[in-house]
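Trainee: Structure provided below as structure tokens; questions to follow.
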Amino acid sequence: MQQRLTASLAMLSIALLGGSASAIAAGLGPMETRVSPQGEAIAFWWNNDDDIDPEGIWNIREGEAPNGNEYTGTVEIEAIGDPDDRLYRLQWETSEGDYTGLGFVEDGKLLVGYGREAEIYGVALYKIEDDGNRLDGRWSLSTADGNVGTEKATGGRSGRLEGEYRTVSTDPGRSESSYDGRLTIEPDRDAYQVTWEVDDETYRGVGLRSGDWFVVGWGPGENFAVLEYDLDDDEAEGRWAVWGVRNFGQEKITR
């Protein structure tokens with residue numbers, strides 16, 4: 001998460017890398033990799049041609065916040081950026097408040113990170129590989145104009161998602177960037193607390209595991225959350241978790 005959480009995030013200078021930035025192959029598409037000149041894969045795309053396109057306006061048929069409050073409203077979902085990235089912007093207008101988010105579609109799921117009354121937030125989505133020893137991911141944030149970065153995390157413990165990983169990442173819209181960091185994942189009941197340490201900066205998030213996928217909502221302060229929708233044509237069911245809150249929220253939507 002090299003980009004600073006300020007209005008200039010998308011314009012971060014690669015000078016922070018001390019001149020060590022490597023050229024990363026561009027032209028990412030389904031079932032392709034981004035590879036460094038040293039031959040190290042940066043990330044992998046697992047687009048499923050059978051995935052449902054969630055674009056449109058959805059009605060919240062049932063909604064319950066972690067505090068037990070019920071809510072109604074709408075969710076507008078629109079595709080942004082490169083179509084191969086499968087990135088969507090979400091806008092909720094509900095009786096409990098208005099929120100925005102970013103999500104990736106994979107395996108019939110819309111996996112979202114969103115801001116709770118925060119302008120700056122992000123989403124990171126990882127495919128769990130090698131029984132948890134490797135995470136291949138991509139990420140974006142609200143100031144990245146629909147661009148997507150990559151992240152490969154290695155060094156986890158076999159059979160366990162939680163643990164410490166070494167990361168190699170690129171920034172959204174800056175495929176030539178390449179920088180190292182550390183990722184820590186800690187269980188918190190059915191959710192996970194996530195911490196990145198990059199270039200003397202620390203970023204935090206809350207994550208959900210969904211099969212072989214791990215999605216994280218992250219941002220500054222505590223105003224961010226994570227959500228998983230299971231898509232089924234014109235219906236979807238979701239569960240969501242908020243940073244620092246132990247209970248889950250639930251949501252059913254139709255269009």
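We name chains A, B, ... following the order of the structure tokens; residues begin at 1 in each chain, and ligands are numbered from 1 as shown.
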Which residues are close to range 122-133 of chain A, i.e. within 8 Å by only C-alpha atoms, leaving aside same-chain residues fewer than 3 positions away? Reply as a PyMOL selection string.
Mentor: chain A and resi 101-104+111-115+136-142+154-161+212-219
Trainee: Contacts of Gly68 in chain A at 10 Å or less, counting only C-alpha atoms, minus same-chain residues fewer than 3 places along, as a list in words?
Mentor: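 Final neighbour list, sorted by chain and number: Gly63, Glu64, Ala65, Tyr71, Asn247, Phe248, Gly249 and Gln250 of chain A.
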Trainee: Can you tell me, as a short mmCIF file (atom, residue, chain, number, x, y, z; two decimals) with N, CA, C and O atoms, in the first residue's frame, what residues are no more than 7 Å from range 77-94 of chain A when counting only C-alpha atoms, ignoring any on the same chain fewer than 4 positions away?
Mentor:
data_model
loop_
_atom_site.label_atom_id
_atom_site.label_comp_id
_atom_site.auth_asym_id
_atom_site.auth_seq_id
_atom_site.Cartn_x
_atom_site.Cartn_y
_atom_site.Cartn_z
N GLY A 29 -4.51 -9.32 -18.64
CA GLY A 29 -5.82 -9.81 -19.04
C GLY A 29 -6.13 -11.10 -18.33
O GLY A 29 -5.39 -11.54 -17.47
N PRO A 30 -7.23 -11.75 -18.69
CA PRO A 30 -7.61 -13.00 -18.05
C PRO A 30 -6.51 -14.05 -18.17
O PRO A 30 -5.92 -14.24 -19.23
N PRO A 54 -22.69 -7.49 -12.16
CA PRO A 54 -23.58 -6.92 -11.15
C PRO A 54 -24.01 -5.49 -11.45
O PRO A 54 -24.74 -4.88 -10.64
N GLU A 55 -23.61 -4.95 -12.59
CA GLU A 55 -23.87 -3.55 -12.86
C GLU A 55 -25.37 -3.26 -12.88
O GLU A 55 -26.17 -4.01 -13.43
N GLY A 56 -25.76 -2.14 -12.25
CA GLY A 56 -27.15 -1.74 -12.21
C GLY A 56 -27.54 -1.18 -10.85
O GLY A 56 -26.69 -1.00 -9.97
N ILE A 57 -28.83 -0.91 -10.69
CA ILE A 57 -29.35 -0.40 -9.42
C ILE A 57 -30.10 -1.54 -8.73
O ILE A 57 -31.00 -2.15 -9.29
N TYR A 71 -32.30 -1.77 8.07
CA TYR A 71 -32.25 -0.63 7.16
C TYR A 71 -32.73 -1.05 5.77
O TYR A 71 -32.79 -2.23 5.42
N THR A 72 -33.09 -0.05 4.97
CA THR A 72 -33.52 -0.24 3.58
C THR A 72 -32.78 0.78 2.72
O THR A 72 -32.09 1.67 3.24
N GLY A 73 -32.94 0.66 1.41
CA GLY A 73 -32.31 1.62 0.51
C GLY A 73 -31.97 1.00 -0.82
O GLY A 73 -32.58 0.01 -1.25
N ASP A 98 -25.27 6.95 3.87
CA ASP A 98 -24.81 6.78 2.50
C ASP A 98 -23.32 6.44 2.51
O ASP A 98 -22.54 7.07 3.23
N TYR A 99 -22.93 5.46 1.67
CA TYR A 99 -21.56 4.97 1.66
C TYR A 99 -21.12 4.68 0.23
O TYR A 99 -21.96 4.48 -0.65
N THR A 100 -19.81 4.65 0.01
CA THR A 100 -19.27 4.25 -1.29
C THR A 100 -18.23 3.16 -1.09
O THR A 100 -17.61 3.05 -0.02
N GLY A 101 -18.03 2.33 -2.14
CA GLY A 101 -17.10 1.23 -2.04
C GLY A 101 -16.53 0.84 -3.39
O GLY A 101 -16.96 1.34 -4.44
N LEU A 102 -15.55 -0.06 -3.37
CA LEU A 102 -14.93 -0.64 -4.57
C LEU A 102 -14.92 -2.15 -4.41
O LEU A 102 -14.62 -2.65 -3.32
N GLY A 103 -15.24 -2.87 -5.49
CA GLY A 103 -15.27 -4.32 -5.39
C GLY A 103 -14.81 -5.01 -6.66
O GLY A 103 -14.95 -4.46 -7.76
N PHE A 104 -14.27 -6.21 -6.51
CA PHE A 104 -13.88 -7.06 -7.62
C PHE A 104 -14.85 -8.23 -7.72
O PHE A 104 -15.33 -8.75 -6.71
N VAL A 105 -15.14 -8.67 -8.95
CA VAL A 105 -15.98 -9.85 -9.18
C VAL A 105 -15.10 -11.05 -9.46
O VAL A 105 -14.22 -11.00 -10.33
N GLY A 146 -10.01 4.28 -10.76
CA GLY A 146 -10.30 3.01 -11.40
C GLY A 146 -9.09 2.18 -11.77
O GLY A 146 -9.23 1.10 -12.34
N ASN A 147 -7.89 2.66 -11.44
CA ASN A 147 -6.68 1.88 -11.71
C ASN A 147 -6.48 0.82 -10.63
O ASN A 147 -6.98 0.95 -9.51
#
Trainee: Using only C-alpha atoms, which of A:Tyr121, A:Trp58, A:Tyr192, A:Tyr203 sits nearest Ala241 in chain A?
Mentor: A:Tyr192
Trainee: Extract, using only C-alpha atoms, all DNA, RNA and protein residues at most 9 Å from Gly173 in chain A, discarding same-chain residues fewer than 5 positions from it, and format them as a list of chain:residue names.
Mentor: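 Returned residues: A:Ala10, A:Ala144, A:Asp145, A:Gly146, A:Asn147, A:Val148, A:Gly149.
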Trainee: Would you work out the distance separating CA of Glu106 in chain A from CA of Arg255 in chain A, expressed in Å to one decimal?
Mentor: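 For CA of Glu106 in chain A relative to CA of Arg255 in chain A, the distance reads 19.6 Å.
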Trainee: Using the chain letters and numbers from this document, which residues of range 38-219 of chain A does DSSP assign to helix (DSSP H, G or I), as a list in words?
Mentor: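 Selection result, helix (DSSP H, G or I) within range 38-219 of chain A: Pro83, Asp84, Asp85, Asp130, Asp131 and Gly132 of chain A.
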Trainee: Determine which residues of range 87-184 of chain A receive a DSSP assignment of strand (DSSP E), computed from the backbone, and state them as a PyMOL selection string.
Mentor: chain A and resi 87-94+97-106+109-115+122-129+134-141+149-154+163-171+174-184
Trainee: With only C-alpha atoms as the counted atoms, please give the residues lying no more than 10 Å from range 234-236 of chain A, apart from itself and same-chain residues fewer than 5 positions off, as a PyMOL selection string.
Mentor: chain A and resi 52-54+56+58-61+108-110+228-229+251-255
